[in-house]
There are 2 protein chains.
Amino acid sequence: MVLINGQLVTQIDCTDRGLHYGDGLFETLEIVQGSPVFLQQHLARLQRGCQILKIPYPEQLLLAEITQLSQGTATGVLKIMLTRGSGGRGYRQPDTIETTRFLALHPFPNYPTSYQTDGIAARFCDVRLGLNPLLAGLKHNNRLENVLARAEWQDDYQEGLLININEQVIEGTMSNLFIVKDNILYTPELSLSGVQGIIRDIIMQLAHDNNMTFQETVLSREQVLAADELFVSNSIIGIWPIASLEQQHYSVGKLTKKLMHLLSAYKQSEQSC
Amino acid sequence: MVLINGQLVTQIDCTDRGLHYGDGLFETLEIVQGSPVFLQQHLARLQRGCQILKIPYPEQLLLAEITQLSQGTATGVLKIMLTRGSGGRGYRQPDTIETTRFLALHPFPNYPTSYQTDGIAARFCDVRLGLNPLLAGLKHNNRLENVLARAEWQDDYQEGLLININEQVIEGTMSNLFIVKDNILYTPELSLSGVQGIIRDIIMQLAHDNNMTFQETVLSREQVLAADELFVSNSIIGIWPIASLEQQHYSVGKLTKKLMHLLSAYKQSEQSC
């Protein structure tokens with residue numbers, strides 16, 4: 001089910017700048033009992049992205065349409081996308097930007113429970129992420145790198161880890177990465193490449209609130225492989241421990257389990273607000 | 001007038017991966033007397049891009065649709081875009097990719113003749129291009145950088161020059177850049193950033209064929225400002241000399257005029273084939 005600018009449709013104006021230039025931003029949210037999980041955090045990121053890309057943020061219409069699409073939905077995935085709309089001349093934007101609002105409701109993916117309990121198989125991708133301080137962190141629509149990386153394998157892995165051209169490990173193709181080494185929690189810093197995930201932010205906050213030693217840092221492939229615990233996170237999967245990475249095997253560790261528990265409790269407390 | 005997968009339409013399937021991820025490539029061609037200028041060169045670049053992005057290249061259908069749209073058109077601009085089509089799960093592409101073919105015919109822009117005869121006003125953009133060896137050179141749909149750069153000014157300049165995060169001058173927002181210094185022709189090398197334009201390729205070939213001393217190189221902002229002659233090129237404008245860049249002023253130089261003449265003659269010889 002898709003709602004574009006308030007209309008239930010299946011097609012979009014073929015002059016939309018999202019199609020021509022990836023000129024937009026998106027969010028992917030879990031719906032539980034008619035309610036989008038961590039909605040305020042997702043909308044805050046979307047609004048920040050709109051400020052950076054100078055796309056007008058249509059707050060009131062968006063809120064109404066999110067309610068319209070999510071209410072009555074027991075479980076699902078809500079994609080929210082905003083583009084710079086149509087018009088302009090080539091790259092030049094129109095004098096008046098009418099932001100396109102795109103909302104789509106999808107079934108919740110049918111992931112095996114074992115991905116959470118026992119962990120997943122991961123690999124390093126061959127694709128190297130570029131460096132882009134201007135766009136790093138944003139969940140924008142220029143996602144060719146992720147598409148090309150995800151095309152490297154079929155079903156034998158659940159996630160691929162992305163390394164940038166500076167040989168820094170950055171994230172998964174659809175997730176953020178955390179590792180634990182000697183009881184310290186690390187996640188790659190994202191000033192040059194990568195997407196600043198909502199669950200990543202929340203995990204960092206939970207680590208802080210629970211007095212875990214924590215660091216955003218630069219991580220090499222070797223440091224990641226030598227970790228005691230590894231996990232990936234996003235808004236749909238929550239936390240998935242990594243059980244294997246290339247030839248290495250890992251147990252679901254103590255800190256990973258603790259953060260899964262804390263995230264689950266925090267999610268429930270936010271939903272009951 | 002827009003032709004999507006052979007149909008005259010105004011809308012496109014809202015699940016198209018071009019819209020969601022900028023998962024596609026495009027070409028912009030001049031139409032003269034029903035015939036797309038430098039068609040073989042554009043299609044060769046499109047096909048190379050498809051190989052790198054692993055998008056099936058629908059040669060026969062595309063050729064038929066190009067003919068359908070351009071014949072009978074005295075003058076115009078033809079945009080050809082290919083995307084990875086619809087489907088797949090998130091970044092993961094579908095098992096069978098059905099390439100979307102998008103062709104649009106636009107009026108030829110009404111540029112003043114003085115842009116060619118007297119030159120244009122240019123500026124340096126504040127936006128810094130990222131570094132991306134994987135995608136550099138391709139005319140792909142991930143063009144947020146160009147959009148943001150073009151949004152920096154209104155009508156007081158005709159082009160903005162883009163510098164990457166290594167402080168190398170790369171190109172214009174919609175064009176390639178050439179400079180002349182001490183009778184040597186230079187253009188920025190594009191291994192890390194930028195689009196490898198068709199007219200850029202042709203100018204390099206013409207320079208070679210006419211025994212001009214020529215070099216693809218790394219150019220700083222200072223080197224560009226200190227040039228004797230500067231010009232930008234693309235498939236629609238041909239060659240525009242730069243008459244002013246920031247506070248500097250330049251005459252339309254001897255080598256620039258010679259290349260404009262050679263390009264014009266080459267275009268006519270190709271069209272009469």
# chains A, B, ... in the order shown; residues from 1 in each chain; ligands from 1
$ closest_atom_pairs --of "chain B" --to "chain A" --cutoff "6 Å" --atoms "only C-alpha atoms" --output "JSON lines"
{"residue": "B:Thr10", "atom": "CA", "partner": "A:Cys14", "partner_atom": "CA", "distance": 5.8}
{"residue": "B:Gln11", "atom": "CA", "partner": "A:Asp13", "partner_atom": "CA", "distance": 4.4}
{"residue": "B:Ile12", "atom": "CA", "partner": "A:Gln11", "partner_atom": "CA", "distance": 5.2}
{"residue": "B:Asp13", "atom": "CA", "partner": "A:Gln11", "partner_atom": "CA", "distance": 4.4}
{"residue": "B:Cys14", "atom": "CA", "partner": "A:Gln11", "partner_atom": "CA", "distance": 4.6}
{"residue": "B:Gly18", "atom": "CA", "partner": "A:Leu19", "partner_atom": "CA", "distance": 5.0}
{"residue": "B:Leu19", "atom": "CA", "partner": "A:Leu19", "partner_atom": "CA", "distance": 3.8}
{"residue": "B:His20", "atom": "CA", "partner": "A:Asn141", "partner_atom": "CA", "distance": 6.0}
{"residue": "B:Tyr21", "atom": "CA", "partner": "A:Arg143", "partner_atom": "CA", "distance": 4.8}
{"residue": "B:Gly22", "atom": "CA", "partner": "A:Gly22", "partner_atom": "CA", "distance": 4.4}
{"residue": "B:Asp23", "atom": "CA", "partner": "A:Leu144", "partner_atom": "CA", "distance": 5.7}
{"residue": "B:Tyr91", "atom": "CA", "partner": "A:Val147", "partner_atom": "CA", "distance": 4.8}
{"residue": "B:Arg92", "atom": "CA", "partner": "A:Arg150", "partner_atom": "CA", "distance": 5.5}
{"residue": "B:Gly130", "atom": "CA", "partner": "A:Asn132", "partner_atom": "CA", "distance": 4.3}
{"residue": "B:Leu131", "atom": "CA", "partner": "A:Leu131", "partner_atom": "CA", "distance": 5.1}
{"residue": "B:Asn132", "atom": "CA", "partner": "A:Gly130", "partner_atom": "CA", "distance": 4.3}
{"residue": "B:Asn141", "atom": "CA", "partner": "A:Tyr21", "partner_atom": "CA", "distance": 4.8}
{"residue": "B:Asn142", "atom": "CA", "partner": "A:Asn142", "partner_atom": "CA", "distance": 4.6}
{"residue": "B:Arg143", "atom": "CA", "partner": "A:Tyr21", "partner_atom": "CA", "distance": 4.8}
{"residue": "B:Leu144", "atom": "CA", "partner": "A:Asp23", "partner_atom": "CA", "distance": 5.7}
{"residue": "B:Val147", "atom": "CA", "partner": "A:Tyr91", "partner_atom": "CA", "distance": 4.8}
{"residue": "B:Arg150", "atom": "CA", "partner": "A:Arg92", "partner_atom": "CA", "distance": 5.5}
$ select_by_dssp --residues "segment 172-241 of chain B" --states "strand (DSSP E or B)" --output "list of chain:residue names"
B:Gly172, B:Asn176, B:Leu177, B:Phe178, B:Ile179, B:Val180, B:Lys181, B:Ile184, B:Leu185, B:Tyr186, B:Thr187, B:Pro188, B:Val195, B:Phe214, B:Gln215, B:Glu216, B:Thr217, B:Leu219, B:Glu229, B:Leu230, B:Phe231, B:Val232, B:Ser233, B:Asn234, B:Gly238, B:Ile239, B:Trp240, B:Pro241
$ write_last_selection --atoms "C-alpha atoms" --output "PDB file, in the first residue's frame"
ATOM      1  CA  GLY B 172      31.431  21.933 -13.830  1.00  0.00           C
ATOM      2  CA  ASN B 176      33.604  19.080 -18.102  1.00  0.00           C
ATOM      3  CA  LEU B 177      36.408  21.612 -17.718  1.00  0.00           C
ATOM      4  CA  PHE B 178      39.411  22.341 -19.935  1.00  0.00           C
ATOM      5  CA  ILE B 179      42.105  24.932 -19.434  1.00  0.00           C
ATOM      6  CA  VAL B 180      44.954  26.159 -21.628  1.00  0.00           C
ATOM      7  CA  LYS B 181      48.258  27.295 -20.110  1.00  0.00           C
ATOM      8  CA  ILE B 184      49.123  23.218 -23.485  1.00  0.00           C
ATOM      9  CA  LEU B 185      45.567  21.889 -23.100  1.00  0.00           C
ATOM     10  CA  TYR B 186      44.692  20.321 -19.736  1.00  0.00           C
ATOM     11  CA  THR B 187      41.601  18.628 -18.343  1.00  0.00           C
ATOM     12  CA  PRO B 188      41.145  17.159 -14.848  1.00  0.00           C
ATOM     13  CA  VAL B 195      31.628  12.394 -15.028  1.00  0.00           C
ATOM     14  CA  PHE B 214      47.415  17.747 -24.206  1.00  0.00           C
ATOM     15  CA  GLN B 215      47.350  16.333 -20.673  1.00  0.00           C
ATOM     16  CA  GLU B 216      44.800  14.778 -18.311  1.00  0.00           C
ATOM     17  CA  THR B 217      46.021  15.870 -14.925  1.00  0.00           C
ATOM     18  CA  LEU B 219      44.462  20.741 -11.273  1.00  0.00           C
ATOM     19  CA  GLU B 229      42.080  30.123 -21.562  1.00  0.00           C
ATOM     20  CA  LEU B 230      39.271  28.131 -19.919  1.00  0.00           C
ATOM     21  CA  PHE B 231      36.210  26.429 -21.312  1.00  0.00           C
ATOM     22  CA  VAL B 232      33.517  23.946 -20.332  1.00  0.00           C
ATOM     23  CA  SER B 233      31.869  21.333 -22.521  1.00  0.00           C
ATOM     24  CA  ASN B 234      28.881  19.039 -22.682  1.00  0.00           C
ATOM     25  CA  GLY B 238      29.169  22.062 -27.036  1.00  0.00           C
ATOM     26  CA  ILE B 239      31.950  24.370 -25.848  1.00  0.00           C
ATOM     27  CA  TRP B 240      31.399  27.508 -23.776  1.00  0.00           C
ATOM     28  CA  PRO B 241      34.498  29.640 -23.146  1.00  0.00           C
TER      29      PRO B 241
END
$ decode --residues "segment 188-234 of chain B" --atoms "N, CA and C atoms" --output "JSON list (two decimals), in the first residue's frame"
[["chain", "number", "residue", "atom", "x", "y", "z"],
["B", 188, "PRO", "N", 40.97, 17.95, -16.08],
["B", 188, "PRO", "CA", 41.15, 17.16, -14.85],
["B", 188, "PRO", "C", 40.98, 15.66, -15.11],
["B", 189, "GLU", "N", 41.81, 14.87, -14.48],
["B", 189, "GLU", "CA", 41.64, 13.41, -14.57],
["B", 189, "GLU", "C", 40.52, 13.04, -13.59],
["B", 190, "LEU", "N", 39.78, 11.98, -13.95],
["B", 190, "LEU", "CA", 38.50, 11.71, -13.27],
["B", 190, "LEU", "C", 38.47, 10.34, -12.59],
["B", 191, "SER", "N", 39.60, 9.90, -12.06],
["B", 191, "SER", "CA", 39.61, 8.56, -11.45],
["B", 191, "SER", "C", 38.92, 8.53, -10.09],
["B", 192, "LEU", "N", 38.79, 9.69, -9.43],
["B", 192, "LEU", "CA", 38.21, 9.71, -8.09],
["B", 192, "LEU", "C", 36.84, 10.39, -8.03],
["B", 193, "SER", "N", 36.59, 11.31, -8.94],
["B", 193, "SER", "CA", 35.36, 12.10, -8.91],
["B", 193, "SER", "C", 35.04, 12.52, -10.34],
["B", 194, "GLY", "N", 33.76, 12.82, -10.58],
["B", 194, "GLY", "CA", 33.39, 13.45, -11.84],
["B", 194, "GLY", "C", 32.76, 12.51, -12.86],
["B", 195, "VAL", "N", 32.28, 13.12, -13.93],
["B", 195, "VAL", "CA", 31.63, 12.39, -15.03],
["B", 195, "VAL", "C", 32.49, 12.51, -16.29],
["B", 196, "GLN", "N", 32.71, 11.38, -16.94],
["B", 196, "GLN", "CA", 33.51, 11.37, -18.17],
["B", 196, "GLN", "C", 32.60, 11.70, -19.34],
["B", 197, "GLY", "N", 32.57, 12.95, -19.73],
["B", 197, "GLY", "CA", 31.64, 13.42, -20.76],
["B", 197, "GLY", "C", 32.01, 12.95, -22.16],
["B", 198, "ILE", "N", 30.98, 12.80, -22.99],
["B", 198, "ILE", "CA", 31.20, 12.40, -24.39],
["B", 198, "ILE", "C", 31.97, 13.49, -25.13],
["B", 199, "ILE", "N", 31.58, 14.76, -24.94],
["B", 199, "ILE", "CA", 32.27, 15.85, -25.63],
["B", 199, "ILE", "C", 33.71, 15.97, -25.12],
["B", 200, "ARG", "N", 33.91, 15.71, -23.84],
["B", 200, "ARG", "CA", 35.28, 15.68, -23.30],
["B", 200, "ARG", "C", 36.13, 14.65, -24.05],
["B", 201, "ASP", "N", 35.60, 13.44, -24.22],
["B", 201, "ASP", "CA", 36.32, 12.40, -24.97],
["B", 201, "ASP", "C", 36.64, 12.87, -26.39],
["B", 202, "ILE", "N", 35.64, 13.49, -27.02],
["B", 202, "ILE", "CA", 35.83, 13.92, -28.41],
["B", 202, "ILE", "C", 36.87, 15.04, -28.49],
["B", 203, "ILE", "N", 36.82, 15.97, -27.55],
["B", 203, "ILE", "CA", 37.81, 17.06, -27.55],
["B", 203, "ILE", "C", 39.22, 16.49, -27.37],
["B", 204, "MET", "N", 39.37, 15.51, -26.50],
["B", 204, "MET", "CA", 40.68, 14.89, -26.29],
["B", 204, "MET", "C", 41.16, 14.22, -27.59],
["B", 205, "GLN", "N", 40.22, 13.58, -28.28],
["B", 205, "GLN", "CA", 40.57, 12.92, -29.54],
["B", 205, "GLN", "C", 40.96, 13.96, -30.60],
["B", 206, "LEU", "N", 40.18, 15.05, -30.66],
["B", 206, "LEU", "CA", 40.47, 16.11, -31.64],
["B", 206, "LEU", "C", 41.82, 16.76, -31.33],
["B", 207, "ALA", "N", 42.12, 16.96, -30.06],
["B", 207, "ALA", "CA", 43.41, 17.55, -29.67],
["B", 207, "ALA", "C", 44.54, 16.63, -30.14],
["B", 208, "HIS", "N", 44.36, 15.33, -29.92],
["B", 208, "HIS", "CA", 45.36, 14.36, -30.34],
["B", 208, "HIS", "C", 45.53, 14.37, -31.87],
["B", 209, "ASP", "N", 44.39, 14.31, -32.57],
["B", 209, "ASP", "CA", 44.43, 14.23, -34.04],
["B", 209, "ASP", "C", 45.03, 15.50, -34.67],
["B", 210, "ASN", "N", 44.98, 16.61, -33.93],
["B", 210, "ASN", "CA", 45.46, 17.87, -34.48],
["B", 210, "ASN", "C", 46.78, 18.32, -33.83],
["B", 211, "ASN", "N", 47.46, 17.33, -33.24],
["B", 211, "ASN", "CA", 48.80, 17.56, -32.69],
["B", 211, "ASN", "C", 48.88, 18.68, -31.66],
["B", 212, "MET", "N", 47.81, 18.82, -30.89],
["B", 212, "MET", "CA", 47.89, 19.76, -29.76],
["B", 212, "MET", "C", 48.56, 19.04, -28.60],
["B", 213, "THR", "N", 49.35, 19.78, -27.83],
["B", 213, "THR", "CA", 49.92, 19.19, -26.61],
["B", 213, "THR", "C", 48.82, 19.15, -25.56],
["B", 214, "PHE", "N", 48.60, 17.97, -25.03],
["B", 214, "PHE", "CA", 47.42, 17.75, -24.21],
["B", 214, "PHE", "C", 47.73, 16.86, -23.01],
["B", 215, "GLN", "N", 47.09, 17.12, -21.87],
["B", 215, "GLN", "CA", 47.35, 16.33, -20.67],
["B", 215, "GLN", "C", 46.12, 16.22, -19.78],
["B", 216, "GLU", "N", 45.77, 15.00, -19.39],
["B", 216, "GLU", "CA", 44.80, 14.78, -18.31],
["B", 216, "GLU", "C", 45.58, 14.83, -17.02],
["B", 217, "THR", "N", 45.16, 15.66, -16.08],
["B", 217, "THR", "CA", 46.02, 15.87, -14.92],
["B", 217, "THR", "C", 45.22, 16.28, -13.69],
["B", 218, "VAL", "N", 45.94, 16.49, -12.60],
["B", 218, "VAL", "CA", 45.34, 17.03, -11.38],
["B", 218, "VAL", "C", 45.50, 18.54, -11.41],
["B", 219, "LEU", "N", 44.41, 19.27, -11.21],
["B", 219, "LEU", "CA", 44.46, 20.74, -11.27],
["B", 219, "LEU", "C", 43.97, 21.35, -9.96],
["B", 220, "SER", "N", 44.73, 22.29, -9.44],
["B", 220, "SER", "CA", 44.31, 23.00, -8.24],
["B", 220, "SER", "C", 43.48, 24.22, -8.65],
["B", 221, "ARG", "N", 42.79, 24.76, -7.68],
["B", 221, "ARG", "CA", 42.03, 26.00, -7.88],
["B", 221, "ARG", "C", 42.94, 27.11, -8.41],
["B", 222, "GLU", "N", 44.13, 27.20, -7.87],
["B", 222, "GLU", "CA", 45.08, 28.26, -8.26],
["B", 222, "GLU", "C", 45.53, 28.07, -9.71],
["B", 223, "GLN", "N", 45.80, 26.82, -10.10],
["B", 223, "GLN", "CA", 46.19, 26.55, -11.48],
["B", 223, "GLN", "C", 45.08, 26.91, -12.45],
["B", 224, "VAL", "N", 43.85, 26.61, -12.07],
["B", 224, "VAL", "CA", 42.71, 26.93, -12.95],
["B", 224, "VAL", "C", 42.57, 28.45, -13.09],
["B", 225, "LEU", "N", 42.68, 29.16, -11.97],
["B", 225, "LEU", "CA", 42.55, 30.62, -12.01],
["B", 225, "LEU", "C", 43.65, 31.26, -12.85],
["B", 226, "ALA", "N", 44.83, 30.62, -12.87],
["B", 226, "ALA", "CA", 45.98, 31.18, -13.58],
["B", 226, "ALA", "C", 46.03, 30.78, -15.05],
["B", 227, "ALA", "N", 44.99, 30.12, -15.54],
["B", 227, "ALA", "CA", 44.99, 29.65, -16.93],
["B", 227, "ALA", "C", 44.97, 30.82, -17.92],
["B", 228, "ASP", "N", 45.45, 30.57, -19.14],
["B", 228, "ASP", "CA", 45.34, 31.56, -20.22],
["B", 228, "ASP", "C", 43.95, 31.52, -20.86],
["B", 229, "GLU", "N", 43.41, 30.32, -21.00],
["B", 229, "GLU", "CA", 42.08, 30.12, -21.56],
["B", 229, "GLU", "C", 41.37, 29.06, -20.72],
["B", 230, "LEU", "N", 40.07, 29.16, -20.62],
["B", 230, "LEU", "CA", 39.27, 28.13, -19.92],
["B", 230, "LEU", "C", 38.00, 27.91, -20.72],
["B", 231, "PHE", "N", 37.54, 26.67, -20.74],
["B", 231, "PHE", "CA", 36.21, 26.43, -21.31],
["B", 231, "PHE", "C", 35.58, 25.19, -20.69],
["B", 232, "VAL", "N", 34.25, 25.13, -20.79],
["B", 232, "VAL", "CA", 33.52, 23.95, -20.33],
["B", 232, "VAL", "C", 32.82, 23.32, -21.53],
["B", 233, "SER", "N", 32.46, 22.05, -21.39],
["B", 233, "SER", "CA", 31.87, 21.33, -22.52],
["B", 233, "SER", "C", 30.81, 20.35, -22.04],
["B", 234, "ASN", "N", 29.77, 20.19, -22.82],
["B", 234, "ASN", "CA", 28.88, 19.04, -22.68],
["B", 234, "ASN", "C", 28.11, 18.85, -23.99]]
